[in-house]
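File shown here: entry26.txt, holding compact mmCIF, C-alpha atoms.
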# COMPACT_ATOMS: atom_id res chain seq x y z
CA MET A 1 70.43 -6.72 -42.25
CA LYS A 2 67.44 -8.36 -43.94
CA ASN A 3 66.43 -9.95 -40.66
CA ALA A 4 66.73 -6.62 -38.90
CA PHE A 5 64.43 -4.89 -41.44
CA ARG A 6 62.07 -7.83 -41.29
CA HIS A 7 61.72 -7.45 -37.49
CA THR A 8 61.28 -3.73 -37.85
CA GLY A 9 58.43 -4.25 -40.31
CA VAL A 10 56.69 -6.63 -37.95
CA LEU A 11 56.94 -4.18 -35.07
CA PHE A 12 55.57 -1.41 -37.29
CA MET A 13 52.55 -3.50 -38.24
CA VAL A 14 51.89 -4.39 -34.58
CA ALA A 15 52.00 -0.70 -33.70
CA VAL A 16 49.58 0.18 -36.51
CA ILE A 17 47.13 -2.52 -35.41
CA GLY A 18 47.37 -1.36 -31.76
CA LEU A 19 46.61 2.24 -32.78
CA ALA A 20 43.66 1.04 -34.82
CA VAL A 21 42.25 -0.84 -31.83
CA ILE A 22 42.71 2.19 -29.56
CA GLY A 23 41.11 4.41 -32.14
CA ALA A 24 38.15 2.09 -32.46
CA GLY A 25 37.64 2.19 -28.67
CA TYR A 26 37.54 5.97 -28.58
CA ALA A 27 35.33 6.20 -31.66
CA LEU A 28 32.17 4.96 -29.79
CA TRP A 29 29.29 7.41 -30.04
CA PHE A 30 26.79 7.06 -27.17
CA GLN A 31 24.16 8.76 -25.01
CA VAL A 32 23.05 7.63 -21.52
CA LEU A 33 19.39 8.31 -20.79
CA THR A 34 18.55 8.94 -17.11
CA LEU A 35 15.15 8.58 -15.47
CA ASN A 36 14.77 10.39 -12.15
CA ALA A 37 11.90 8.71 -10.27
CA THR A 38 9.89 9.54 -7.18
CA VAL A 39 7.48 6.76 -6.22
CA SER A 40 5.24 6.67 -3.17
CA THR A 41 2.67 4.26 -1.75
CA GLY A 42 -0.82 5.02 -0.48
CA ASP A 43 -2.40 3.83 2.74
CA LEU A 44 -5.19 1.63 4.06
CA ASP A 45 -7.31 3.00 6.89
CA VAL A 46 -10.78 1.87 7.97
CA GLN A 47 -12.52 3.39 11.00
CA TRP A 48 -15.62 3.17 13.18
CA SER A 49 -18.19 5.87 13.87
CA SER A 50 -20.73 5.66 16.71
CA HIS A 51 -24.46 6.35 16.25
CA GLY A 52 -25.94 5.29 19.58
CA ALA A 53 -27.28 2.07 21.09
CA VAL A 54 -30.76 0.71 21.84
CA LYS A 55 -32.13 -2.04 24.04
CA GLU A 56 -33.74 -5.12 22.56
CA TYR A 57 -35.38 -8.32 23.74
CA SER A 58 -37.08 -11.31 22.17
CA LEU A 59 -40.61 -12.47 22.78
CA ASN A 60 -39.96 -15.99 21.47
CA THR A 61 -36.50 -17.28 22.47
CA GLY A 62 -34.54 -15.36 19.91
CA GLU A 63 -36.69 -15.64 16.81
CA THR A 64 -38.13 -12.13 16.84
CA PHE A 65 -36.65 -9.10 18.61
CA ILE A 66 -38.27 -5.77 19.35
CA HIS A 67 -36.26 -2.64 20.01
CA GLY A 68 -36.46 0.38 22.24
CA PRO A 69 -36.35 4.00 21.09
CA ASN A 70 -33.30 5.53 19.48
CA ASP A 71 -33.87 9.25 19.00
CA PRO A 72 -35.44 10.19 16.67
CA THR A 73 -36.60 6.63 15.88
CA PRO A 74 -39.44 5.53 18.20
CA ALA A 75 -39.60 2.13 19.88
CA ASP A 76 -41.07 -0.85 18.07
CA PRO A 77 -44.79 -1.45 18.68
CA GLY A 78 -45.28 -3.53 21.81
CA PHE A 79 -41.94 -2.58 23.37
CA ILE A 80 -42.25 -2.49 27.16
CA ALA A 81 -39.58 -0.33 28.76
CA ALA A 82 -39.94 -2.07 32.14
CA LYS A 83 -38.81 -5.34 30.55
CA ALA A 84 -35.66 -3.73 29.13
CA VAL A 85 -33.60 -3.55 32.33
CA GLN A 86 -30.29 -3.69 30.48
CA THR A 87 -28.05 -0.67 29.92
CA CYS A 88 -26.26 -0.11 26.61
CA SER A 89 -23.42 2.31 25.94
CA GLN A 90 -20.58 2.82 23.47
CA ASP A 91 -17.85 5.32 22.73
CA ILE A 92 -14.85 5.78 20.45
CA PRO A 93 -11.77 6.91 22.40
CA ALA A 94 -9.66 9.61 20.78
CA SER A 95 -6.51 7.59 21.50
CA GLY A 96 -7.72 4.79 19.21
CA ASN A 97 -7.72 6.97 16.07
CA GLY A 98 -11.13 5.63 15.08
CA HIS A 99 -9.94 2.02 15.14
CA VAL A 100 -11.35 1.16 18.59
CA LEU A 101 -15.00 0.99 19.67
CA ASN A 102 -15.68 0.55 23.39
CA ILE A 103 -18.94 -1.18 24.32
CA ALA A 104 -20.30 -1.52 27.85
CA ASP A 105 -23.57 -3.44 28.28
CA ALA A 106 -25.01 -4.55 31.63
CA ASN A 107 -27.93 -6.51 33.10
CA LEU A 108 -28.32 -8.73 30.05
CA TYR A 109 -30.41 -11.88 30.36
CA PRO A 110 -31.19 -14.69 27.88
CA TYR A 111 -32.52 -13.23 24.63
CA ALA A 112 -32.17 -9.66 25.88
CA GLY A 113 -29.34 -7.34 25.00
CA CYS A 114 -28.29 -4.31 22.97
CA VAL A 115 -28.04 -3.13 19.38
CA HIS A 116 -25.14 -0.76 18.73
CA HIS A 117 -25.56 1.47 15.67
CA ILE A 118 -22.22 2.14 14.01
CA ASP A 119 -20.76 2.88 10.63
CA ILE A 120 -17.62 1.59 8.97
CA HIS A 121 -15.86 3.97 6.62
CA SER A 122 -12.64 4.08 4.63
CA THR A 123 -10.31 7.07 4.92
CA GLY A 124 -7.31 5.54 3.16
CA THR A 125 -6.49 5.67 -0.53
CA THR A 126 -6.53 1.89 -1.02
CA PRO A 127 -9.90 0.19 -1.72
CA VAL A 128 -10.72 -2.47 0.85
CA HIS A 129 -12.83 -5.56 1.26
CA ILE A 130 -14.41 -6.26 4.63
CA ASP A 131 -16.34 -9.41 5.53
CA THR A 132 -18.77 -8.32 8.23
CA SER A 133 -19.51 -11.94 9.15
CA SER A 134 -15.90 -12.77 10.05
CA LEU A 135 -15.63 -11.65 13.65
CA ASP A 136 -12.74 -12.85 15.79
CA LEU A 137 -14.12 -13.56 19.28
CA SER A 138 -11.01 -15.33 20.56
CA GLY A 139 -10.09 -12.34 22.71
CA LEU A 140 -13.23 -12.65 24.89
CA ARG A 141 -12.94 -13.99 28.43
CA CYS A 142 -15.53 -14.59 31.13
CA GLN A 143 -15.70 -14.79 34.90
CA ALA A 144 -18.54 -16.47 36.80
CA PRO A 145 -19.31 -16.95 40.51
CA ALA A 146 -17.91 -19.98 42.30
CA GLY A 147 -19.79 -23.13 41.49
CA THR A 148 -20.88 -21.98 38.02
CA THR A 149 -19.17 -22.06 34.63
CA CYS A 150 -19.23 -19.72 31.67
CA ASN A 151 -18.03 -19.72 28.08
CA ALA A 152 -17.68 -16.41 26.24
CA LEU A 153 -17.96 -18.05 22.83
CA THR A 154 -21.28 -19.79 23.52
CA ASP A 155 -22.92 -17.64 26.20
CA LEU A 156 -23.08 -14.51 24.03
CA HIS A 157 -24.54 -13.80 20.62
CA VAL A 158 -22.31 -11.24 18.87
CA ALA A 159 -22.86 -10.30 15.22
CA VAL A 160 -22.53 -7.45 12.75
CA SER A 161 -25.79 -7.22 10.84
CA ALA A 162 -28.13 -5.04 8.79
CA CYS A 163 -25.32 -3.35 6.86
CA VAL A 164 -26.48 -0.89 4.21
CA LYS A 165 -24.90 1.86 2.15
CA ALA A 166 -24.93 5.05 4.20
CA GLY A 167 -27.03 7.84 2.77
CA ASP A 168 -24.13 10.30 3.12
CA SER A 169 -21.56 7.95 1.59
CA SER A 170 -19.57 9.19 -1.39
CA THR A 171 -20.00 7.51 -4.76
CA VAL A 172 -16.25 7.06 -5.35
CA GLY A 173 -15.68 3.77 -7.17
CA GLY A 174 -19.40 3.30 -7.43
CA GLY A 175 -19.85 3.75 -3.70
CA PRO A 176 -19.94 0.86 -1.20
CA ASN A 177 -20.43 -2.29 -3.27
CA GLN A 178 -21.60 -5.79 -2.40
CA PRO A 179 -22.00 -8.70 -2.68
CA PHE A 180 -18.60 -9.96 -3.79
CA ALA A 181 -17.78 -13.53 -4.77
CA THR A 182 -15.79 -15.68 -2.42
CA VAL A 183 -12.31 -16.63 -3.59
CA THR A 184 -12.71 -20.29 -2.68
CA PRO A 185 -14.39 -22.37 -5.43
CA PRO A 186 -17.21 -22.50 -6.11
CA ALA A 187 -17.15 -18.71 -6.36
CA THR A 188 -20.53 -17.67 -4.99
CA PRO A 189 -21.75 -14.19 -4.08
CA ASN A 190 -21.21 -13.33 -0.42
CA ALA A 191 -23.58 -10.65 0.84
CA ASN A 192 -21.32 -10.05 3.86
CA ILE A 193 -18.31 -8.86 1.82
CA TRP A 194 -18.35 -5.12 1.19
CA GLN A 195 -15.95 -3.09 -0.94
CA LEU A 196 -15.16 0.41 0.29
CA HIS A 197 -13.26 3.09 -1.59
CA GLN A 198 -11.95 6.23 0.06
CA SER A 199 -14.81 8.14 1.78
CA ASN A 200 -17.27 5.25 1.27
CA ARG A 201 -19.40 4.46 4.32
CA ILE A 202 -21.74 1.65 5.41
CA ASN A 203 -24.15 1.68 8.36
CA CYS A 204 -24.33 -1.52 10.42
CA ASP A 205 -25.68 -2.87 13.70
CA ILE A 206 -23.64 -4.78 16.26
CA GLU A 207 -25.99 -7.10 18.13
CA ILE A 208 -25.05 -8.46 21.55
CA TRP A 209 -27.39 -10.50 23.70
CA ALA A 210 -27.11 -13.34 26.21
CA ASN A 211 -27.79 -16.88 25.09
CA GLN A 212 -29.63 -19.40 27.22
CA SER A 213 -26.35 -20.91 28.46
CA ALA A 214 -25.19 -17.67 30.12
CA PRO A 215 -25.11 -17.98 33.93
CA GLU A 216 -26.21 -15.26 36.33
CA HIS A 217 -23.70 -12.67 37.56
CA ALA A 218 -21.15 -13.50 34.86
CA THR A 219 -18.82 -10.86 33.42
CA TYR A 220 -17.50 -11.00 29.85
CA THR A 221 -14.54 -8.84 28.86
CA GLY A 222 -11.99 -8.66 26.05
CA SER A 223 -11.71 -7.74 22.41
CA ILE A 224 -13.80 -8.54 19.35
CA LYS A 225 -12.08 -7.88 16.04
CA LEU A 226 -13.14 -7.28 12.45
CA LEU A 227 -10.61 -7.39 9.61
CA ALA A 228 -10.41 -5.18 6.52
CA CYS A 229 -7.84 -5.89 3.78
CA GLN A 230 -6.85 -4.46 0.43
CA TRP A 231 -9.45 -5.46 -2.16
CA ASN A 232 -7.16 -7.76 -4.20
CA GLU A 233 -5.97 -9.92 -1.27
CA ASP A 234 -9.13 -11.81 -0.31
CA GLN A 235 -7.34 -15.15 -0.20
CA ASN A 236 -4.73 -13.84 2.24
CA CYS A 237 -7.12 -11.75 4.32
CA THR A 238 -7.02 -13.78 7.54
CA PHE A 239 -6.25 -12.92 11.14
CA ALA A 240 -3.44 -15.48 11.02
CA ASN A 241 -1.67 -13.36 8.41
CA THR A 242 -1.77 -10.20 10.54
CA GLY A 243 0.88 -11.54 12.90
CA GLY A 244 -1.19 -10.34 15.83
CA ARG A 245 -0.86 -6.71 14.74
CA ASP A 246 -3.58 -4.11 14.29
CA ASN A 247 -2.13 -2.82 11.00
CA ASN A 248 1.02 -2.79 8.87
CA GLU A 249 2.44 0.15 10.81
CA THR A 250 2.55 -1.83 14.04
CA PRO A 251 6.01 -3.35 14.63
CA LEU A 252 6.19 -7.10 14.51
CA PRO A 253 6.58 -8.70 17.94
CA PRO A 254 9.91 -10.41 18.53
CA THR A 255 9.68 -14.07 17.62
CA SER A 256 12.40 -15.15 19.99
CA THR A 257 14.89 -13.80 22.51
CA PRO A 258 18.58 -14.62 22.58
CA VAL A 259 19.14 -17.85 24.46
CA PRO A 260 21.76 -17.51 27.21
CA PRO A 261 24.51 -20.10 27.27
CA THR A 262 23.29 -23.24 28.99
CA SER A 263 26.63 -24.07 30.60
CA THR A 264 29.76 -22.39 31.84
CA PRO A 265 33.28 -23.59 31.16
CA VAL A 266 34.05 -26.60 33.32
CA PRO A 267 37.12 -26.07 35.57
CA PRO A 268 39.82 -28.73 35.41
CA THR A 269 38.91 -31.71 37.57
CA SER A 270 42.51 -32.49 38.59
CA THR A 271 45.82 -30.79 39.15
CA PRO A 272 49.10 -32.01 37.74
CA VAL A 273 50.41 -34.96 39.73
CA PRO A 274 54.00 -34.45 40.99
CA PRO A 275 56.50 -37.23 40.22
CA THR A 276 56.25 -40.08 42.71
CA SER A 277 60.00 -40.88 42.73
CA THR A 278 63.31 -39.17 42.28
CA PRO A 279 65.82 -40.18 39.67
CA VAL A 280 67.99 -43.16 40.73
CA PRO A 281 71.73 -42.29 40.63
CA PRO A 282 73.84 -44.53 38.44
CA THR A 283 75.48 -47.46 40.16
CA ALA A 284 79.24 -47.76 40.12
CA ILE A 285 80.73 -50.03 37.58
CA PRO A 286 83.21 -52.39 39.20
CA THR A 287 86.71 -52.08 37.90
CA VAL A 288 88.54 -55.16 36.89
Any chance you could put this one into structure tokens?
Amino acid sequence: MKNAFRHTGVLFMVAVIGLAVIGAGYALWFQVLTLNATVSTGDLDVQWSSHGAVKEYSLNTGETFIHGPNDPTPADPGFIAAKAVQTCSQDIPASGNGHVLNIADANLYPYAGCVHHIDIHSTGTTPVHIDTSSLDLSGLRCQAPAGTTCNALTDLHVAVSACVKAGDSSTVGGGPNQPFATVTPPATPNANIWQLHQSNRINCDIEIWANQSAPEHATYTGSIKLLACQWNEDQNCTFANTGGRDNNETPLPPTSTPVPPTSTPVPPTSTPVPPTSTPVPPTAIPTV
């Protein structure tokens, strides 16, 4: 009987301890705090505006240029209209959403060309940096008559120049600011890097004239690109990092296509060979 009571006591203690543990689990006081969040990103958008084009030519092999009239601005003193046989035109197609500027210049000759008056403005919420000296001319091609050669990269002078803060630009973020230091040591001011906040605007000239190497009757076509990036990504602001796209909203091109199988299953080269002989019947065993 003692052993029986002893076991009963042990079981009772185990039960008490179990209830204590369960009670401790249910005795937790707590409060969960919930944060309901809505987060959105801004955008980056830089566009062109067109302000007309004028003819120009040099009197001394490219050192000094004089310009024709651009209403209401009169021509430079000494400008002779009969010498300016080139035609200069530009437009911004509606389909390009302000990101495309079409230029059509004709009858250029060495040290004679066109100045296209444009502005660059930011409509996005993200401040941008734009290096007006970093033009990508790799999209230009040329065609010359048989027997002559041309090179789009050396036959043409193409540059964005004379950039200034536009008089009607907003003063958001201090307005268009420059120069900014380069990110590559030594960090020196770069007068070609402009910072634009939303509604900031700079006026610039795009100069295009023929160099001395340009042959007669040559045609140059293709794209010239200028890159604007968010202000805190100077080091990564390269055409190589765009993946060939015009902006982040453009889908990435496929890097590869599925490779079809290079071989098909090989059929068996032989068929089963039938037996060459039939079983030999057992020979009779001589009886003694």
Which region 34-123 of chain A residues have any atom within 6 Å of an atom of region 187-206 of chain A, and for each, what is the nearest pair of atoms with distance in Å to one decimal, counting all atoms listed in the file, rows sorted by chain and number, as JSON lines?
{"residue": "A:Val115", "atom": "CA", "partner": "A:Ile206", "partner_atom": "CA", "distance": 5.6}
{"residue": "A:His116", "atom": "CA", "partner": "A:Ile206", "partner_atom": "CA", "distance": 5.0}
{"residue": "A:His117", "atom": "CA", "partner": "A:Asp205", "partner_atom": "CA", "distance": 4.8}
{"residue": "A:Ile118", "atom": "CA", "partner": "A:Cys204", "partner_atom": "CA", "distance": 5.5}
{"residue": "A:Asp119", "atom": "CA", "partner": "A:Asn203", "partner_atom": "CA", "distance": 4.3}
{"residue": "A:Ile120", "atom": "CA", "partner": "A:Ile202", "partner_atom": "CA", "distance": 5.4}
{"residue": "A:His121", "atom": "CA", "partner": "A:Arg201", "partner_atom": "CA", "distance": 4.2}
{"residue": "A:Ser122", "atom": "CA", "partner": "A:Gln198", "partner_atom": "CA", "distance": 5.1}
{"residue": "A:Thr123", "atom": "CA", "partner": "A:Gln198", "partner_atom": "CA", "distance": 5.2}
To one decimal place, how far is CA of Ala104 (chain A) from CA of Ser89 (chain A) in Å?
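Computing the Euclidean distance for CA of Ala104 (chain A) and CA of Ser89 (chain A) yields 5.3 Å.
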For Cys237 (chain A), which of A:Asp136, A:Asp131, A:Asp155, A:Asp105 is the closest residue, counting only C-alpha atoms?
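Of the candidates, the smallest distance to Cys237 (chain A) is held by A:Asp131.
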Considering all atoms listed in the file, can you say which of A:Ser58, A:Thr73, A:Thr125, A:Thr149 comes closest to Gly113 (chain A)?
A:Ser58
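Distance check against Gly173 (chain A) using all atoms listed in the file: of A:Ala218, A:Val128, A:Ala84, A:Leu101, the minimum falls on A:Val128.
The space between CA of Trp48 (chain A) and CA of Asp246 (chain A) spans 14.1 Å.
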Pairwise distance for CA of Arg245 (chain A) and CA of Cys142 (chain A), rounded to one decimal in Å
23.4 Å
Identify, on the basis of all atoms listed in the file, every residue whose closest approach to Leu140 (chain A) does not exceed 12 Å; exclude the query and any residue fewer than 5 positions from it along the same chain; express the result as a PyMOL selection string.
chain A and resi 135+150-156+158+219-225
Can you tell me which residues surround Asn60 (chain A) at a distance of at most 12 Å, considering only C-alpha atoms, apart from same-chain residues fewer than 3 positions away, and format the answer as a ChimeraX atom specification?
/A:57,63-66,110-112
Looking at only C-alpha atoms, which of A:Val54, A:Ala81, A:Ile130, A:Leu226 is the one that sits closest to Pro179 (chain A)?
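Nearest candidate to Pro179 (chain A) out of A:Val54, A:Ala81, A:Ile130, A:Leu226: A:Ile130.
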Taking (-10.8, -4.3, -3.0) in the file's coordinates as the center, which residues reach within 7 Å of it, counting all atoms listed in the file, put as a PDB file with C-alpha atoms, keeping the file's coordinate frame?
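Contents of part.pdb, freshly written:
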ATOM      1  CA  PRO A 127      -9.900   0.190  -1.720  1.00  0.00           C
ATOM      2  CA  VAL A 128     -10.720  -2.470   0.850  1.00  0.00           C
ATOM      3  CA  HIS A 129     -12.830  -5.560   1.260  1.00  0.00           C
ATOM      4  CA  GLN A 195     -15.950  -3.090  -0.940  1.00  0.00           C
ATOM      5  CA  GLN A 230      -6.850  -4.460   0.430  1.00  0.00           C
ATOM      6  CA  TRP A 231      -9.450  -5.460  -2.160  1.00  0.00           C
ATOM      7  CA  ASN A 232      -7.160  -7.760  -4.200  1.00  0.00           C
TER       8      ASN A 232
END
Nearest residue to Phe79 (chain A) from the set A:Asn97, A:Ile92, A:Lys55, A:Phe180 (distances using all atoms listed in the file)
A:Lys55
